[in-house]
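Okay, final.cif is below, mmCIF, C-alpha atoms:
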```cif
data_final
#
loop_
_atom_site.group_PDB
_atom_site.id
_atom_site.type_symbol
_atom_site.label_atom_id
_atom_site.label_comp_id
_atom_site.auth_asym_id
_atom_site.auth_seq_id
_atom_site.Cartn_x
_atom_site.Cartn_y
_atom_site.Cartn_z
ATOM 1 C CA MET A 1 39.757 362.323 69.165
ATOM 2 C CA LEU A 2 38.693 360.339 72.216
ATOM 3 C CA THR A 3 39.048 362.145 75.533
ATOM 4 C CA GLN A 4 38.938 360.257 78.815
ATOM 5 C CA VAL A 5 36.473 361.746 81.304
ATOM 6 C CA ALA A 6 36.483 358.928 83.876
ATOM 7 C CA GLU A 7 37.960 355.476 84.312
ATOM 8 C CA GLY A 8 36.768 353.434 81.342
ATOM 9 C CA VAL A 9 34.690 356.285 79.860
ATOM 10 C CA HIS A 10 35.684 358.473 76.903
ATOM 11 C CA VAL A 11 33.994 361.223 74.906
ATOM 12 C CA HIS A 12 34.258 362.080 71.206
ATOM 13 C CA GLN A 13 32.885 365.592 70.519
ATOM 14 C CA SER A 14 31.561 366.846 67.185
ATOM 15 C CA ALA A 15 32.771 370.176 65.853
ATOM 16 C CA LEU A 16 29.557 371.946 64.877
ATOM 17 C CA LEU A 17 27.067 371.297 67.672
ATOM 18 C CA GLU A 18 29.461 369.945 70.314
ATOM 19 C CA ASN A 19 27.582 366.639 70.394
ATOM 20 C CA ASN A 20 29.185 364.232 72.826
ATOM 21 C CA ALA A 21 29.443 360.628 71.725
ATOM 22 C CA VAL A 22 30.182 358.529 74.812
ATOM 23 C CA VAL A 23 32.274 355.347 74.847
ATOM 24 C CA VAL A 24 32.068 353.018 77.862
ATOM 25 C CA GLN A 25 34.556 350.170 78.218
ATOM 26 C CA GLY A 26 33.056 346.723 78.745
ATOM 27 C CA ARG A 27 34.596 343.274 79.100
ATOM 28 C CA ASP A 28 34.659 342.359 75.403
ATOM 29 C CA GLY A 29 34.141 345.736 73.740
ATOM 30 C CA VAL A 30 32.526 349.107 74.211
ATOM 31 C CA LEU A 31 29.101 350.663 74.564
ATOM 32 C CA LEU A 32 28.690 353.619 72.189
ATOM 33 C CA VAL A 33 26.084 356.275 73.031
ATOM 34 C CA ASP A 34 24.827 358.915 70.549
ATOM 35 C CA PRO A 35 27.614 358.849 67.924
ATOM 36 C CA GLY A 36 27.773 361.732 65.448
ATOM 37 C CA LEU A 37 27.721 363.859 63.424
ATOM 38 C CA THR A 38 29.427 363.862 60.015
ATOM 39 C CA THR A 39 30.829 360.994 57.987
ATOM 40 C CA ASP A 40 34.374 362.148 58.747
ATOM 41 C CA GLU A 41 33.654 362.404 62.483
ATOM 42 C CA LEU A 42 32.034 358.970 62.630
ATOM 43 C CA THR A 43 34.895 357.486 60.618
ATOM 44 C CA CYS A 44 37.369 359.149 62.988
ATOM 45 C CA LEU A 45 35.537 357.656 65.960
ATOM 46 C CA ALA A 46 35.606 354.188 64.384
ATOM 47 C CA THR A 47 39.318 354.581 63.583
ATOM 48 C CA ASP A 48 40.137 355.659 67.135
ATOM 49 C CA LEU A 49 38.310 352.654 68.544
ATOM 50 C CA SER A 50 40.014 350.286 66.119
ATOM 51 C CA ALA A 51 43.428 351.744 66.954
ATOM 52 C CA ALA A 52 42.686 351.092 70.625
ATOM 53 C CA GLY A 53 41.791 347.476 69.818
ATOM 54 C CA GLN A 54 38.133 348.019 70.680
ATOM 55 C CA THR A 55 34.971 346.877 68.942
ATOM 56 C CA VAL A 56 31.478 348.230 69.522
ATOM 57 C CA VAL A 57 29.332 345.568 71.214
ATOM 58 C CA ALA A 58 26.291 347.741 71.968
ATOM 59 C CA GLY A 59 24.917 351.146 71.062
ATOM 60 C CA PHE A 60 22.330 353.368 72.706
ATOM 61 C CA ALA A 61 20.339 356.357 71.480
ATOM 62 C CA THR A 62 19.233 358.613 74.313
ATOM 63 C CA HIS A 63 16.309 359.936 72.231
ATOM 64 C CA PRO A 64 15.037 360.145 68.643
ATOM 65 C CA ASP A 65 16.382 363.547 67.555
ATOM 66 C CA TRP A 66 18.307 363.198 64.279
ATOM 67 C CA ASP A 67 21.709 363.886 65.831
ATOM 68 C CA HIS A 68 21.337 361.062 68.364
ATOM 69 C CA VAL A 69 20.307 358.190 66.061
ATOM 70 C CA LEU A 70 23.215 358.233 63.600
ATOM 71 C CA TRP A 71 25.575 355.370 62.807
ATOM 72 C CA HIS A 72 28.300 354.364 60.369
ATOM 73 C CA ALA A 73 29.128 350.990 58.832
ATOM 74 C CA ASP A 74 32.680 351.191 60.204
ATOM 75 C CA LEU A 75 31.212 351.010 63.725
ATOM 76 C CA GLY A 76 29.949 347.494 63.044
ATOM 77 C CA GLU A 77 26.596 345.793 63.454
ATOM 78 C CA ALA A 78 26.116 345.812 67.216
ATOM 79 C CA PRO A 79 22.548 346.147 68.525
ATOM 80 C CA ARG A 80 21.587 349.808 68.916
ATOM 81 C CA TYR A 81 19.223 350.150 71.845
ATOM 82 C CA GLY A 82 16.825 352.853 72.930
ATOM 83 C CA THR A 83 13.692 353.041 75.014
ATOM 84 C CA ALA A 84 10.488 351.579 73.619
ATOM 85 C CA GLY A 85 9.260 355.131 72.980
ATOM 86 C CA CYS A 86 12.414 356.115 71.128
ATOM 87 C CA ALA A 87 12.284 353.026 68.934
ATOM 88 C CA ALA A 88 8.577 353.495 68.208
ATOM 89 C CA PHE A 89 9.151 357.089 67.107
ATOM 90 C CA MET A 90 11.913 356.031 64.730
ATOM 91 C CA ARG A 91 9.923 353.063 63.438
ATOM 92 C CA ASP A 92 7.053 355.374 62.502
ATOM 93 C CA LEU A 93 9.418 357.828 60.828
ATOM 94 C CA LEU A 94 11.214 355.160 58.801
ATOM 95 C CA ALA A 95 7.873 353.695 57.670
ATOM 96 C CA ASP A 96 7.251 356.917 55.737
ATOM 97 C CA ALA A 97 8.493 356.608 52.160
ATOM 98 C CA GLN A 98 9.713 360.214 52.413
ATOM 99 C CA TRP A 99 11.626 359.700 55.664
ATOM 100 C CA ARG A 100 14.998 360.598 54.166
ATOM 101 C CA ALA A 101 13.705 363.954 52.935
ATOM 102 C CA ARG A 102 12.003 364.582 56.283
ATOM 103 C CA ALA A 103 15.219 363.811 58.168
ATOM 104 C CA ALA A 104 17.288 365.976 55.836
ATOM 105 C CA GLU A 105 15.034 368.970 56.492
ATOM 106 C CA GLY A 106 16.274 369.142 60.073
ATOM 107 C CA LEU A 107 19.989 369.028 59.269
ATOM 108 C CA PRO A 108 22.119 372.155 59.720
ATOM 109 C CA PRO A 109 22.969 373.475 56.247
ATOM 110 C CA GLU A 110 26.674 373.564 57.111
ATOM 111 C CA ILE A 111 26.825 369.764 57.300
ATOM 112 C CA ALA A 112 23.674 368.631 55.487
ATOM 113 C CA ASP A 113 25.651 366.880 52.729
ATOM 114 C CA ASP A 114 28.036 365.238 55.195
ATOM 115 C CA VAL A 115 25.625 363.480 57.566
ATOM 116 C CA PRO A 116 25.295 359.747 56.772
ATOM 117 C CA LEU A 117 21.692 358.558 56.730
ATOM 118 C CA ASP A 118 22.085 354.994 55.398
ATOM 119 C CA LEU A 119 21.928 353.505 58.924
ATOM 120 C CA PHE A 120 19.848 356.303 60.403
ATOM 121 C CA GLY A 121 17.446 355.498 63.235
ATOM 122 C CA ARG A 122 17.676 351.712 63.334
ATOM 123 C CA ILE A 123 16.941 351.451 67.028
ATOM 124 C CA THR A 124 16.000 348.288 68.932
ATOM 125 C CA GLY A 125 13.475 349.182 71.596
ATOM 126 C CA LEU A 126 14.003 347.782 75.074
ATOM 127 C CA PRO A 127 10.904 346.512 76.882
ATOM 128 C CA ALA A 128 8.989 349.289 78.626
ATOM 129 C CA GLY A 129 10.296 349.875 82.127
ATOM 130 C CA THR A 130 13.742 348.350 81.496
ATOM 131 C CA ALA A 131 15.950 349.722 84.247
ATOM 132 C CA GLN A 132 19.358 348.380 83.239
ATOM 133 C CA LEU A 133 21.121 348.215 79.885
ATOM 134 C CA PRO A 134 21.599 344.602 78.729
ATOM 135 C CA TRP A 135 25.316 344.339 78.030
ATOM 136 C CA ASP A 136 28.485 342.742 79.378
ATOM 137 C CA GLY A 137 30.044 345.747 81.059
ATOM 138 C CA PRO A 138 29.669 347.999 84.092
ATOM 139 C CA ARG A 139 26.096 348.370 85.310
ATOM 140 C CA VAL A 140 24.344 351.096 83.319
ATOM 141 C CA ARG A 141 21.073 352.359 84.782
ATOM 142 C CA ILE A 142 18.422 353.688 82.379
ATOM 143 C CA LEU A 143 16.701 356.854 83.611
ATOM 144 C CA GLU A 144 13.706 357.344 81.327
ATOM 145 C CA HIS A 145 11.673 360.545 81.360
ATOM 146 C CA ARG A 146 9.632 362.847 79.087
ATOM 147 C CA GLY A 147 11.539 366.049 79.637
ATOM 148 C CA HIS A 148 12.859 366.804 76.159
ATOM 149 C CA ALA A 149 11.631 364.291 73.600
ATOM 150 C CA PRO A 150 9.519 361.143 73.366
ATOM 151 C CA GLY A 151 11.329 358.133 74.787
ATOM 152 C CA HIS A 152 14.191 360.188 76.223
ATOM 153 C CA ALA A 153 16.528 358.455 78.656
ATOM 154 C CA ALA A 154 19.704 359.370 80.462
ATOM 155 C CA LEU A 155 22.214 356.665 81.380
ATOM 156 C CA LEU A 156 24.002 356.371 84.697
ATOM 157 C CA VAL A 157 27.212 354.343 84.480
ATOM 158 C CA GLU A 158 27.299 353.356 88.118
ATOM 159 C CA GLU A 159 31.035 352.731 88.197
ATOM 160 C CA PRO A 160 32.665 355.242 87.918
ATOM 161 C CA GLY A 161 29.562 357.447 88.367
ATOM 162 C CA VAL A 162 29.080 359.010 84.930
ATOM 163 C CA LEU A 163 25.705 360.497 84.000
ATOM 164 C CA VAL A 164 25.128 360.565 80.232
ATOM 165 C CA ALA A 165 22.353 363.147 80.169
ATOM 166 C CA GLY A 166 21.201 363.263 76.553
ATOM 167 C CA ASP A 167 19.866 366.678 75.562
ATOM 168 C CA MET A 168 19.751 368.048 79.104
ATOM 169 C CA LEU A 169 22.122 369.678 81.612
ATOM 170 C CA SER A 170 24.016 371.572 78.917
ATOM 171 C CA ASP A 171 26.207 374.591 79.521
ATOM 172 C CA VAL A 172 25.485 375.963 76.025
ATOM 173 C CA LEU A 173 21.788 375.214 75.463
ATOM 174 C CA VAL A 174 18.820 376.135 77.636
ATOM 175 C CA PRO A 175 16.298 373.376 78.398
ATOM 176 C CA MET A 176 14.449 372.447 75.216
ATOM 177 C CA LEU A 177 10.953 371.347 76.142
ATOM 178 C CA ASP A 178 8.768 369.011 74.088
ATOM 179 C CA VAL A 179 6.254 371.810 73.652
ATOM 180 C CA GLY A 180 4.155 370.320 70.886
ATOM 181 C CA ALA A 181 3.818 366.703 71.926
ATOM 182 C CA THR A 182 2.942 366.483 75.616
ATOM 183 C CA ALA A 183 0.064 367.706 77.756
ATOM 184 C CA ASP A 184 2.319 369.385 80.330
ATOM 185 C CA PRO A 185 5.843 370.008 78.981
ATOM 186 C CA ILE A 186 6.774 372.169 81.976
ATOM 187 C CA GLU A 187 5.978 369.476 84.540
ATOM 188 C CA ASP A 188 7.548 366.785 82.360
ATOM 189 C CA TYR A 189 10.813 368.705 82.374
ATOM 190 C CA LEU A 190 10.714 369.432 86.088
ATOM 191 C CA ALA A 191 10.054 365.732 86.749
ATOM 192 C CA ALA A 192 13.165 364.865 84.734
ATOM 193 C CA LEU A 193 15.228 367.283 86.800
ATOM 194 C CA ARG A 194 13.903 365.667 89.977
ATOM 195 C CA LEU A 195 15.074 362.348 88.567
ATOM 196 C CA PHE A 196 18.562 363.806 88.276
ATOM 197 C CA ASP A 197 18.302 365.181 91.808
ATOM 198 C CA ASP A 198 17.606 361.655 93.019
ATOM 199 C CA VAL A 199 20.853 360.251 91.562
ATOM 200 C CA ALA A 200 23.099 363.290 92.090
ATOM 201 C CA ASP A 201 24.892 361.742 95.061
ATOM 202 C CA ASP A 202 25.997 358.866 92.800
ATOM 203 C CA VAL A 203 27.429 361.084 90.032
ATOM 204 C CA GLU A 204 31.030 362.213 89.664
ATOM 205 C CA VAL A 205 30.878 363.301 85.996
ATOM 206 C CA VAL A 206 28.026 364.619 83.853
ATOM 207 C CA VAL A 207 28.169 364.423 80.055
ATOM 208 C CA PRO A 208 25.504 366.518 78.318
ATOM 209 C CA GLY A 209 24.374 365.845 74.773
ATOM 210 C CA HIS A 210 25.902 369.199 73.773
ATOM 211 C CA GLY A 211 28.603 371.216 75.469
ATOM 212 C CA SER A 212 31.181 370.698 78.181
ATOM 213 C CA VAL A 213 31.651 367.726 80.469
ATOM 214 C CA GLY A 214 31.271 368.698 84.139
ATOM 215 C CA GLY A 215 32.053 367.348 87.578
ATOM 216 C CA ALA A 216 29.724 366.620 90.481
ATOM 217 C CA ASP A 217 29.562 370.295 91.463
ATOM 218 C CA GLN A 218 28.631 371.211 87.896
ATOM 219 C CA LEU A 219 25.830 368.648 87.884
ATOM 220 C CA ARG A 220 24.052 370.312 90.801
ATOM 221 C CA ALA A 221 24.671 373.788 89.389
ATOM 222 C CA ARG A 222 23.232 372.786 86.024
ATOM 223 C CA ILE A 223 20.171 371.189 87.589
ATOM 224 C CA ASP A 224 19.542 374.418 89.509
ATOM 225 C CA LEU A 225 20.092 376.588 86.414
ATOM 226 C CA ASP A 226 17.767 374.456 84.286
ATOM 227 C CA ARG A 227 15.100 374.455 86.988
ATOM 228 C CA ALA A 228 15.295 378.255 87.296
ATOM 229 C CA TYR A 229 14.878 378.577 83.533
ATOM 230 C CA VAL A 230 11.836 376.283 83.425
ATOM 231 C CA HIS A 231 10.272 378.040 86.424
ATOM 232 C CA ALA A 232 10.661 381.358 84.597
ATOM 233 C CA LEU A 233 8.863 379.959 81.547
ATOM 234 C CA ARG A 234 6.133 378.563 83.771
ATOM 235 C CA ASP A 235 5.652 381.899 85.522
ATOM 236 C CA GLY A 236 5.755 384.003 82.367
ATOM 237 C CA ARG A 237 9.023 385.716 83.326
ATOM 238 C CA GLU A 238 12.056 386.339 81.148
ATOM 239 C CA PRO A 239 14.817 384.041 82.456
ATOM 240 C CA SER A 240 18.123 385.350 83.698
ATOM 241 C CA ASP A 241 20.325 382.733 82.069
ATOM 242 C CA PRO A 242 23.919 383.058 80.817
ATOM 243 C CA ARG A 243 23.211 380.700 77.907
ATOM 244 C CA ILE A 244 20.881 383.221 76.260
ATOM 245 C CA GLY A 245 22.311 386.548 77.277
ATOM 246 C CA PRO A 246 23.441 389.113 77.487
ATOM 247 C CA SER A 247 26.548 387.404 76.044
ATOM 248 C CA PRO A 248 25.912 383.802 74.995
ATOM 249 C CA LYS A 249 28.860 381.657 73.963
ATOM 250 C CA PRO A 250 30.272 382.848 70.616
ATOM 251 C CA GLY A 251 28.803 380.780 67.813
ATOM 252 C CA TRP A 252 25.808 379.796 69.928
ATOM 253 C CA GLU A 253 23.780 382.973 69.522
ATOM 254 C CA TRP A 254 21.125 380.902 67.729
ATOM 255 C CA ALA A 255 20.321 379.356 71.116
ATOM 256 C CA VAL A 256 18.524 382.617 71.879
ATOM 257 C CA ASP A 257 16.142 381.787 69.012
ATOM 258 C CA VAL A 258 15.493 378.382 70.591
ATOM 259 C CA HIS A 259 14.496 380.128 73.795
ATOM 260 C CA THR A 260 12.352 382.744 72.065
ATOM 261 C CA GLY A 261 10.521 380.129 70.024
ATOM 262 C CA GLN A 262 9.545 377.925 72.923
ATOM 263 C CA ARG A 263 8.748 380.897 75.172
ATOM 264 C CA ASP A 264 6.326 382.210 72.567
ATOM 265 C CA SER A 265 4.855 378.748 71.918
ATOM 266 C CA LEU A 266 4.184 378.247 75.614
ATOM 267 C CA ALA A 267 2.603 381.705 75.852
ATOM 268 C CA ARG A 268 0.256 380.944 72.956
ATOM 269 C CA ARG A 269 -0.575 377.608 74.488
ATOM 270 C CA GLY A 270 -1.413 379.287 77.780
ATOM 271 C CA GLU A 271 -3.678 381.757 76.024
ATOM 272 C CA ARG A 272 -5.543 378.940 74.274
ATOM 273 C CA ASP A 273 -5.967 377.019 77.521
ATOM 274 C CA ALA A 274 -7.298 380.136 79.239
ATOM 275 C CA THR A 275 -9.856 380.891 76.528
ATOM 276 C CA PRO A 276 -13.350 379.628 77.443
ATOM 277 C CA GLU A 277 -14.932 377.303 74.898
#
```
Take the structure in the file and give it back as structure tokens.
Amino acid sequence: MLTQVAEGVHVHQSALLENNAVVVQGRDGVLLVDPGLTTDELTCLATDLSAAGQTVVAGFATHPDWDHVLWHADLGEAPRYGTAGCAAFMRDLLADAQWRARAAEGLPPEIADDVPLDLFGRITGLPAGTAQLPWDGPRVRILEHRGHAPGHAALLVEEPGVLVAGDMLSDVLVPMLDVGATADPIEDYLAALRLFDDVADDVEVVVPGHGSVGGADQLRARIDLDRAYVHALRDGREPSDPRIGPSPKPGWEWAVDVHTGQRDSLARRGERDATPE
């Protein structure tokens, strides 16, 4: 079901991981961001759009995690954009003859047989440094950063002020750093949060990749909460964060494992860096 969150902007949320697919009304059709997750959910999304007399004229993947690069034939053949980094990551993955098996390994077992992979990851990379999405609709600013994954970008729909945050600013998941791929994942994440600080005055609604849509007050609160969490990791302290305890959201207890895993990975990394050669 499509839910309106601002003038000309709707959200379609998945059941399992609360992924938010975002639909932005343009002049001749809609922009569709991060559609997912199961065949039934993608078919439902396509049916809702068709019932509203809308066609998809452009897609966008905020980053190359499996749950953000899905598609379904019923959504049509519109160009599916992403940053150059996002597209390069997917191009390398799809060049592997075993890509389907690799992608399937990351799927939650509850829905592994229901996630369509036929059109998986077919992303058209925008030229490096592209600041605005090329489509015939409201101006959409591309805010690229390295906070969570290679080639990650948030989108700011300038009218009516909707920030599509990708896998950041969630009320159910702590910040997930790209621990294994970057030289300084802590600073990369803090830099992304500063990017959100810079546009906060222009935002009325924030849509995270997972979880609840929030207003302008929630945006600032979530930036502060995420920054406090990352600072705790940086300083070797255990965060005080409602998303991981003492009572995380029912059904999201596994998010504690996400925290524990990256906390321990960062600690091991710090030990290695501190060991003289």
field: For A:Gly215: contacts at 7 Å, all atoms listed in the file, fewer than 6 positions along chain excluded, given as a PyMOL selection string
entry: chain A and resi 204-206
task: May I have the residues within 6 Å of A:Thr83 as a ChimeraX atom specification, using all atoms listed in the file and disregarding those fewer than 6 positions away in the same chain?
output: /A:125-126,151
Check which residues of stretch 138-251 of chain A sit at most 10 Å from stretch 26-33 of chain A using all atoms listed in the file, and return one row each with the closest pair of atoms and their distance in Å to one decimal, ordered by chain and rising number, as a Markdown table.
```
| residue | atom | partner | partner_atom | distance |
| --- | --- | --- | --- | --- |
| A:Pro138 | CA | A:Gly26 | CA | 6.5 |
| A:Arg139 | CA | A:Gly26 | CA | 9.7 |
| A:Val140 | CA | A:Leu31 | CA | 10.0 |
| A:Leu155 | CA | A:Val33 | CA | 9.2 |
| A:Val164 | CA | A:Val33 | CA | 8.4 |
| A:Gly166 | CA | A:Val33 | CA | 9.2 |
| A:Gly209 | CA | A:Val33 | CA | 9.9 |
```
- request: Given the file shown, enumerate the residues that the PyMOL selection byres ((chain A and resi 226) around 9) captures and present them as a PyMOL selection string.
  value: chain A and resi 168-170+174-175+190+193+221-225+227-231+241
Shortest interatomic distance to A:Leu37 - which of A:Val11, A:Ala183, A:Leu163, A:Val69, counting only C-alpha atoms: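 Residue with the minimum atom-to-atom distance to A:Leu37: A:Val69.
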Fewer than 4 positions away in the same chain doesn't count, so skip those; otherwise give me all residues within 8 Å of A:Leu94, counting only C-alpha atoms, as a compact mmCIF listing (two decimals) with C-alpha atoms, in the frame of the given file.
```txt
# COMPACT_ATOMS: atom_id res chain seq x y z
CA MET A 90 11.91 356.03 64.73
CA TRP A 99 11.63 359.70 55.66
CA GLY A 121 17.45 355.50 63.24
```
